[in-house]
>>> print(open('start.txt').read())   # compact mmCIF, C-alpha atoms and all ligand atoms
# COMPACT_ATOMS: atom_id res chain seq x y z
CA MET I 1065 -7.11 16.06 -2.31
CA LEU I 1066 -4.25 13.58 -2.78
CA GLU I 1067 -5.80 10.77 -4.72
CA ILE I 1068 -4.34 7.32 -5.27
CA ASP I 1069 -6.40 5.52 -7.87
CA GLU I 1070 -6.08 1.80 -8.65
CA LEU I 1071 -2.34 1.73 -8.02
CA HIS I 1072 -0.36 -1.36 -8.97
CA VAL I 1073 3.31 -1.75 -8.03
CA SER I 1074 5.52 -4.83 -8.28
CA TYR I 1075 9.06 -5.95 -7.51
CA GLY I 1076 9.80 -8.35 -10.34
CA LYS I 1077 7.18 -11.04 -9.96
CA VAL I 1078 6.08 -9.88 -6.51
CA ARG I 1079 2.90 -7.86 -6.91
CA ALA I 1080 3.23 -5.78 -3.76
CA VAL I 1081 0.41 -3.29 -4.40
CA ARG I 1082 -2.67 -4.49 -6.28
CA GLY I 1083 -5.22 -1.87 -7.14
CA VAL I 1084 -4.94 0.35 -4.08
CA SER I 1085 -7.23 3.39 -4.07
CA LEU I 1086 -7.24 5.87 -1.20
CA ALA I 1087 -7.21 9.58 -0.52
CA ALA I 1088 -5.76 12.17 1.83
CA ARG I 1089 -7.60 15.44 2.41
CA PRO I 1090 -6.51 18.83 3.75
CA GLY I 1091 -7.03 19.03 7.50
CA ARG I 1092 -7.59 15.30 7.82
CA VAL I 1093 -5.54 12.33 9.00
CA THR I 1094 -5.96 9.23 6.86
CA LEU I 1095 -4.63 6.22 8.78
CA VAL I 1096 -3.34 3.28 6.76
CA LEU I 1097 -3.38 -0.02 8.66
CA GLY I 1098 -1.88 -3.27 7.43
CA ALA I 1099 0.24 -6.19 8.57
CA ASN I 1100 3.93 -6.53 7.79
CA GLY I 1101 4.45 -6.79 4.05
CA ALA I 1102 0.94 -5.54 3.20
CA GLY I 1103 2.32 -2.94 0.78
CA LYS I 1104 2.06 0.23 2.88
CA THR I 1105 5.60 1.51 2.40
CA THR I 1106 5.52 0.55 -1.27
CA THR I 1107 2.38 2.65 -1.74
CA LEU I 1108 3.98 5.71 -0.13
CA ARG I 1109 7.22 5.27 -2.10
CA ALA I 1110 5.28 4.94 -5.35
CA VAL I 1111 3.48 8.24 -4.64
CA MET I 1112 6.87 9.90 -4.05
CA GLY I 1113 8.31 8.61 -7.33
CA LEU I 1114 10.79 6.44 -5.39
CA GLN I 1115 9.28 3.28 -6.81
CA SER I 1116 8.03 2.78 -10.34
CA VAL I 1117 4.35 2.18 -10.92
CA ASP I 1118 2.86 -0.56 -13.13
CA SER I 1119 -0.49 1.16 -13.50
CA GLY I 1120 -2.91 3.46 -11.76
CA ARG I 1121 -2.86 7.19 -11.10
CA VAL I 1122 -1.73 9.56 -8.37
CA ARG I 1123 -3.20 13.07 -8.42
CA VAL I 1124 -2.55 16.12 -6.27
CA ASP I 1125 -5.47 18.53 -6.33
CA GLY I 1126 -6.30 17.24 -9.79
CA THR I 1127 -2.74 17.32 -11.20
CA ASP I 1128 -1.42 13.94 -12.32
CA ILE I 1129 1.95 13.20 -10.68
CA THR I 1130 2.09 9.47 -11.46
CA GLY I 1131 5.67 8.33 -12.04
CA LYS I 1132 7.09 11.85 -11.74
CA ASP I 1133 10.58 12.36 -10.32
CA THR I 1134 10.63 12.85 -6.58
CA HIS I 1135 11.68 16.51 -6.75
CA LYS I 1136 8.65 17.19 -8.96
CA VAL I 1137 6.37 15.37 -6.56
CA VAL I 1138 7.77 17.51 -3.75
CA ARG I 1139 7.24 20.65 -5.81
CA ALA I 1140 3.66 19.53 -6.46
CA GLY I 1141 3.13 19.64 -2.69
CA VAL I 1142 3.77 16.16 -1.31
CA SER I 1143 6.52 15.13 1.10
CA LEU I 1144 7.48 11.94 2.91
CA VAL I 1145 8.49 11.33 6.50
CA PRO I 1146 10.27 8.03 5.91
CA GLU I 1147 10.25 4.90 8.01
CA GLY I 1148 13.03 5.11 10.57
CA ARG I 1149 13.11 8.94 10.35
CA ARG I 1150 16.38 9.05 8.38
CA VAL I 1151 17.71 12.28 9.84
CA PHE I 1152 21.28 13.15 8.89
CA ALA I 1153 22.94 12.46 12.24
CA PRO I 1154 26.20 14.43 11.82
CA LEU I 1155 24.42 17.54 10.49
CA THR I 1156 22.86 20.07 12.82
CA VAL I 1157 19.12 20.24 13.39
CA GLU I 1158 18.95 23.41 11.32
CA GLU I 1159 20.97 21.92 8.46
CA ASN I 1160 18.54 18.97 8.40
CA LEU I 1161 15.59 21.35 8.23
CA LEU I 1162 17.15 23.46 5.49
CA LEU I 1163 17.69 20.32 3.40
CA GLY I 1164 13.94 19.75 3.55
CA GLY I 1165 13.40 23.21 2.08
CA TYR I 1166 15.77 22.82 -0.85
CA SER I 1167 12.98 23.19 -3.39
CA THR I 1168 11.75 26.56 -2.07
CA SER I 1169 13.11 30.09 -2.47
CA ALA I 1170 15.51 31.53 0.12
CA THR I 1171 12.80 33.86 1.45
CA ASP I 1172 10.25 31.06 1.75
CA ARG I 1173 12.86 28.84 3.37
CA ALA I 1174 13.67 31.41 6.07
CA ASP I 1175 9.99 32.07 6.67
CA THR I 1176 9.07 28.37 6.89
CA LEU I 1177 12.02 27.68 9.17
CA GLN I 1178 10.63 30.16 11.69
CA LYS I 1179 7.19 28.54 11.44
CA VAL I 1180 8.69 25.10 12.04
CA TYR I 1181 10.63 26.42 15.05
CA GLY I 1182 7.37 27.94 16.33
CA MET I 1183 5.67 24.58 16.04
CA PHE I 1184 8.60 22.62 17.52
CA PRO I 1185 10.34 24.72 20.20
CA ILE I 1186 12.65 21.80 21.00
CA LEU I 1187 14.10 22.00 17.48
CA SER I 1188 14.69 25.71 17.92
CA ASP I 1189 16.49 25.09 21.23
CA ARG I 1190 18.67 22.42 19.64
CA ARG I 1191 19.13 24.07 16.23
CA ASP I 1192 22.94 24.13 16.39
CA GLY I 1193 23.31 20.65 17.86
CA ALA I 1194 23.92 17.47 15.87
CA ALA I 1195 20.67 15.74 14.88
CA GLY I 1196 22.13 12.42 15.98
CA LEU I 1197 22.16 13.64 19.59
CA LEU I 1198 18.37 14.09 19.67
CA SER I 1199 16.18 11.46 21.35
CA GLY I 1200 14.05 9.22 19.14
CA GLY I 1201 10.95 11.36 19.71
CA GLU I 1202 12.88 14.54 18.97
CA GLN I 1203 14.27 12.99 15.79
CA GLN I 1204 10.70 12.21 14.74
CA MET I 1205 9.80 15.88 15.30
CA LEU I 1206 12.80 16.79 13.16
CA ALA I 1207 11.62 14.42 10.43
CA PHE I 1208 8.17 16.07 10.56
CA GLY I 1209 9.76 19.53 10.50
CA ARG I 1210 11.96 18.61 7.54
CA ALA I 1211 8.89 17.43 5.59
CA LEU I 1212 7.05 20.67 6.42
CA MET I 1213 10.01 22.72 5.16
CA SER I 1214 9.00 21.94 1.57
CA ARG I 1215 5.69 23.73 2.26
CA SER I 1216 3.83 20.58 1.35
CA LYS I 1217 0.08 20.40 1.25
CA TYR I 1218 0.22 16.66 1.89
CA VAL I 1219 2.59 14.80 4.20
CA LEU I 1220 3.03 11.04 4.03
CA MET I 1221 4.24 9.45 7.28
CA ASP I 1222 5.62 5.93 7.40
CA GLU I 1223 5.24 4.42 10.90
CA PRO I 1224 6.12 7.55 12.86
CA SER I 1225 5.80 5.80 16.25
CA MET I 1226 8.08 2.90 15.34
CA GLY I 1227 10.82 2.24 17.86
CA LEU I 1228 9.73 5.01 20.21
CA ALA I 1229 9.13 4.67 23.94
CA PRO I 1230 5.40 4.21 24.72
CA SER I 1231 5.34 7.53 26.57
CA VAL I 1232 6.52 9.33 23.41
CA VAL I 1233 4.17 7.59 20.97
CA GLN I 1234 1.18 9.70 22.04
CA THR I 1235 3.13 12.93 21.70
CA VAL I 1236 4.36 12.05 18.22
CA LEU I 1237 0.92 11.02 16.98
CA MET I 1238 -0.69 14.12 18.53
CA THR I 1239 1.86 16.12 16.55
CA ALA I 1240 0.68 14.41 13.38
CA ARG I 1241 -2.84 15.51 14.34
CA GLU I 1242 -1.67 19.10 14.86
CA ILE I 1243 0.00 19.07 11.46
CA ALA I 1244 -3.33 18.07 9.92
CA ASP I 1245 -5.16 20.69 12.00
CA SER I 1246 -2.89 23.32 10.44
CA GLY I 1247 -4.58 22.46 7.11
CA ILE I 1248 -2.25 19.79 5.74
CA GLY I 1249 -3.50 16.43 4.52
CA VAL I 1250 -1.76 13.65 6.47
CA LEU I 1251 -1.50 10.12 5.11
CA MET I 1252 -0.16 8.06 7.99
CA VAL I 1253 0.92 4.43 8.01
CA GLU I 1254 0.92 3.22 11.59
CA GLN I 1255 1.23 -0.26 13.10
CA ASN I 1256 0.12 1.02 16.49
CA ALA I 1257 -3.55 0.88 15.50
CA GLU I 1258 -5.05 2.03 18.79
CA ALA I 1259 -2.80 5.09 19.04
CA GLY I 1260 -3.35 5.82 15.35
CA LEU I 1261 -7.14 5.62 15.65
CA GLN I 1262 -7.06 8.22 18.40
CA VAL I 1263 -5.80 10.87 16.01
CA ALA I 1264 -7.26 9.70 12.68
CA ASP I 1265 -10.31 10.80 10.69
CA GLU I 1266 -10.35 8.17 7.96
CA VAL I 1267 -9.07 4.61 8.00
CA VAL I 1268 -7.86 2.44 5.15
CA ALA I 1269 -6.83 -1.16 5.81
CA ILE I 1270 -4.55 -2.90 3.35
CA SER I 1271 -4.03 -6.63 3.22
CA GLN I 1272 -1.68 -8.35 0.77
CA GLY I 1273 -1.59 -5.32 -1.48
CA GLU I 1274 -5.35 -4.76 -1.59
CA VAL I 1275 -7.66 -2.39 0.25
CA GLY I 1276 -10.02 -4.34 2.49
CA PHE I 1277 -11.67 -1.47 4.36
CA THR I 1278 -12.21 2.25 3.88
CA GLY I 1279 -14.26 4.31 6.30
CA ASP I 1280 -14.23 6.76 9.17
CA VAL I 1281 -12.84 5.93 12.61
CA ALA I 1282 -16.23 5.02 14.06
CA ALA I 1283 -16.87 2.56 11.22
CA ALA I 1284 -13.38 1.09 11.68
CA ARG I 1285 -13.99 0.58 15.39
CA ALA I 1286 -17.26 -1.18 14.58
CA ASP I 1287 -15.72 -3.48 11.98
CA ARG I 1288 -15.06 -6.97 13.31
CA ALA I 1289 -12.31 -7.73 10.81
CA ILE I 1290 -10.49 -4.53 11.77
CA LEU I 1291 -10.89 -5.30 15.46
CA ARG I 1292 -9.60 -8.81 15.05
CA ALA I 1293 -6.67 -7.88 12.82
CA PHE I 1294 -5.47 -4.70 14.49
CA LEU I 1295 -6.92 -4.25 17.96
CA GLY I 1296 -6.74 -7.76 19.32
CA GLU I 1297 -9.34 -10.27 20.49
CA SER I 1298 -10.05 -8.31 23.67
CA ALA I 1299 -11.52 -5.46 21.61
CA LEU I 1300 -14.04 -7.89 20.09
CA SER I 1301 -15.74 -8.69 23.35
CA ASN I 1302 -16.24 -5.05 24.33
N1 LIG S 1 12.92 -3.72 -2.49
C1 LIG S 1 12.11 -4.79 -2.53
N2 LIG S 1 12.38 -5.83 -3.35
C2 LIG S 1 11.56 -6.90 -3.40
N3 LIG S 1 10.43 -7.04 -2.70
C3 LIG S 1 10.11 -6.04 -1.87
C4 LIG S 1 10.93 -4.87 -1.73
N4 LIG S 1 10.35 -4.04 -0.83
C5 LIG S 1 9.24 -4.67 -0.41
N5 LIG S 1 9.09 -5.86 -1.03
C6 LIG S 1 7.96 -6.80 -0.86
O1 LIG S 1 6.77 -6.11 -1.19
C7 LIG S 1 5.73 -6.42 -0.27
C8 LIG S 1 5.23 -5.14 0.40
O2 LIG S 1 6.29 -4.58 1.18
P1 LIG S 1 6.14 -3.19 1.93
O3 LIG S 1 7.48 -2.84 2.47
O4 LIG S 1 5.47 -2.21 1.05
O5 LIG S 1 5.15 -3.58 3.11
P2 LIG S 1 4.72 -2.78 4.40
O6 LIG S 1 3.24 -2.86 4.47
O7 LIG S 1 5.34 -1.45 4.43
O8 LIG S 1 5.34 -3.69 5.56
P3 LIG S 1 6.00 -3.33 6.98
O9 LIG S 1 4.86 -3.24 7.93
O10 LIG S 1 6.87 -4.50 7.29
O11 LIG S 1 6.76 -2.05 6.84
C9 LIG S 1 6.31 -7.46 0.69
O12 LIG S 1 5.97 -8.73 0.18
C10 LIG S 1 7.79 -7.22 0.59
O13 LIG S 1 8.51 -8.40 0.86
MG MG S 2 6.67 -0.51 5.72
>>> encode(input="start.txt", output="structure tokens")
Amino acid sequence: MLEIDELHVSYGKVRAVRGVSLAARPGRVTLVLGANGAGKTTTLRAVMGLQSVDSGRVRVDGTDITGKDTHKVVRAGVSLVPEGRRVFAPLTVEENLLLGGYSTSATDRADTLQKVYGMFPILSDRRDGAAGLLSGGEQQMLAFGRALMSRSKYVLMDEPSMGLAPSVVQTVLMTAREIADSGIGVLMVEQNAEAGLQVADEVVAISQGEVGFTGDVAAARADRAILRAFLGESALSN
């Protein structure tokens, strides 16, 4: 289990994350909902050691990784698919993937690369092409593949559907589901609540840096505050 326990993070006087507790579990998708500025990205960055933590704990299968350098967090089994994908456009698809596997041995890297190509045939087809020439959806697959290259047990995903054509959103989120089904714990921030709920197991809603709801998808769909905030008024009358 990836366990975030009473996390507090601030930017100067701005207390962006105030006592957030949540968990990701192997084989499960934990969906994090929250309005703009709720503290979702800050939470993920704090887990990755990209943002310093005021207090609280982050544990990976019982090992405390709070405040550890990012490369140590990656080695402990956690990787991040960042907001906006952040693929290296001039590099080839394969070079991007290999960068994701920098922390593993050459043998593991070669082995994992083949697994990633098996999971994403499009990346295999385009392996020698520049990453910048991929479509948005393909770049998201590349960002997923790059995260998997570190052989992580837990993958954090920051708004994977952002900026993608509606027809591609489903495919990308189904891929997140498949990643979880392969045994990985997925912690997914997603503004597209309806699409996110279709692939999630657990739901955590964050508002102004605090957790307001934790429960399974059925409980989330039955929660009036969740419906109102994330699914629109029309969902309330159903
Ligand atoms: N680098 C920064 N410096 C100062 N304040 C920041 C910084 N990054 C975020 N914040 C503030 O921290 C709070 C949480 O921001 P965060 O980016 O974590 O929210 P979010 O839930 O990811 O929002 P979004 O849906 O817009 O991505 C906001 O009030 C934001 O303005
Ligand atoms: Mg964000």
>>> closest_residue(input="start.txt", among="I:Ala1283, I:Ile1270, I:Ala1170, I:Ile1248", to="I:Ala1080", atoms="only C-alpha atoms")
I:Ile1270
>>> residues_around(input="start.txt", residues="stretch 1142-1153 of chain I", least_positions_apart="2", cutoff="8 Å", atoms="only C-alpha atoms", output="PyMOL selection string")
chain I and resi 1108+1112+1137-1140+1155-1156+1160+1194-1197+1203-1204+1206-1208+1211-1212+1214+1216-1224+1226
>>> closest_atom_pairs(input="start.txt", of="chain I", to="ligand MG 2 (chain S)", cutoff="10 Å", atoms="all atoms listed in the file", output="JSON lines")
{"residue": "I:Gly1098", "atom": "CA", "partner": "S:MG2", "partner_atom": "MG", "distance": 9.1}
{"residue": "I:Ala1099", "atom": "CA", "partner": "S:MG2", "partner_atom": "MG", "distance": 9.0}
{"residue": "I:Asn1100", "atom": "CA", "partner": "S:MG2", "partner_atom": "MG", "distance": 6.9}
{"residue": "I:Gly1101", "atom": "CA", "partner": "S:MG2", "partner_atom": "MG", "distance": 6.9}
{"residue": "I:Ala1102", "atom": "CA", "partner": "S:MG2", "partner_atom": "MG", "distance": 8.0}
{"residue": "I:Gly1103", "atom": "CA", "partner": "S:MG2", "partner_atom": "MG", "distance": 7.0}
{"residue": "I:Lys1104", "atom": "CA", "partner": "S:MG2", "partner_atom": "MG", "distance": 5.5}
{"residue": "I:Thr1105", "atom": "CA", "partner": "S:MG2", "partner_atom": "MG", "distance": 4.0}
{"residue": "I:Thr1106", "atom": "CA", "partner": "S:MG2", "partner_atom": "MG", "distance": 7.2}
{"residue": "I:Thr1107", "atom": "CA", "partner": "S:MG2", "partner_atom": "MG", "distance": 9.2}
{"residue": "I:Leu1108", "atom": "CA", "partner": "S:MG2", "partner_atom": "MG", "distance": 9.0}
{"residue": "I:Arg1109", "atom": "CA", "partner": "S:MG2", "partner_atom": "MG", "distance": 9.7}
{"residue": "I:Pro1146", "atom": "CA", "partner": "S:MG2", "partner_atom": "MG", "distance": 9.3}
{"residue": "I:Glu1147", "atom": "CA", "partner": "S:MG2", "partner_atom": "MG", "distance": 6.9}
{"residue": "I:Gly1148", "atom": "CA", "partner": "S:MG2", "partner_atom": "MG", "distance": 9.8}
{"residue": "I:Asp1222", "atom": "CA", "partner": "S:MG2", "partner_atom": "MG", "distance": 6.7}
{"residue": "I:Glu1223", "atom": "CA", "partner": "S:MG2", "partner_atom": "MG", "distance": 7.3}
{"residue": "I:Val1253", "atom": "CA", "partner": "S:MG2", "partner_atom": "MG", "distance": 7.9}
{"residue": "I:Glu1254", "atom": "CA", "partner": "S:MG2", "partner_atom": "MG", "distance": 9.0}
{"residue": "I:Gln1255", "atom": "CA", "partner": "S:MG2", "partner_atom": "MG", "distance": 9.2}
>>> closest_residue(input="start.txt", among="I:Gly1200, I:Arg1292, I:Leu1097, I:His1135", to="I:Leu1261", atoms="only C-alpha atoms")
I:Leu1097
>>> closest_residue(input="start.txt", among="I:Arg1190, I:Arg1210, I:Arg1123, I:Arg1288", to="I:Tyr1166", atoms="only C-alpha atoms")
I:Arg1210
>>> axis_aligned_box(input="start.txt", around="ligand LIG 1 (chain S)", padding_each_side="5 Å", output="AutoDock Vina command-line options")
--center_x 8.1 --center_y -5.1 --center_z 2.3 --size_x 19.7 --size_y 17.3 --size_z 21.3
>>> closest_residue(input="start.txt", among="I:Ser1199, I:Gln1115, I:Ser1246, I:Thr1171", to="ligand LIG 1 (chain S)", atoms="only C-alpha atoms and all ligand atoms")
I:Gln1115
>>> closest_residue(input="start.txt", among="I:Thr1134, I:Gln1234, I:Ser1169, I:Ser1116", to="I:Tyr1075", atoms="all atoms listed in the file")
I:Ser1116
>>> residues_near_point(input="start.txt", point="(4.0, 6.5, 21.9)", cutoff="12 Å", atoms="all atoms listed in the file", output="list in words")
Gly1200, Gly1201, Gln1204, Glu1223, Pro1224, Ser1225, Met1226, Gly1227, Leu1228, Ala1229, Pro1230, Ser1231, Val1232, Val1233, Gln1234, Thr1235, Val1236, Leu1237, Met1238, Thr1239, Glu1254, Gln1255, Asn1256, Ala1257, Glu1258, Ala1259, Gly1260 and Gln1262 of chain I
>>> closest_residue(input="start.txt", among="I:Lys1132, I:Arg1215, I:Arg1191, I:Arg1092", to="I:Arg1173", atoms="all atoms listed in the file")
I:Arg1215
>>> residues_near_point(input="start.txt", point="(-8.6, 17.5, 8.9)", cutoff="9 Å", atoms="only C-alpha atoms", output="list of chain:residue names")
I:Arg1089, I:Pro1090, I:Gly1091, I:Arg1092, I:Val1093, I:Thr1094, I:Arg1241, I:Ala1244, I:Asp1245, I:Ser1246, I:Gly1247, I:Ile1248, I:Gly1249, I:Val1250, I:Ala1264, I:Asp1265
>>> atom_distance(input="start.txt", atom1="atom CA of I:Gly1273", atom2="atom O11 of ligand LIG 1 (chain S)")
12.2 Å
>>> residues_around(input="start.txt", residues="I:Ala1269", least_positions_apart="6", cutoff="9 Å", atoms="only C-alpha atoms", output="VMD selection string")
chain I and resid 1095 to 1098 1275 to 1278 1290
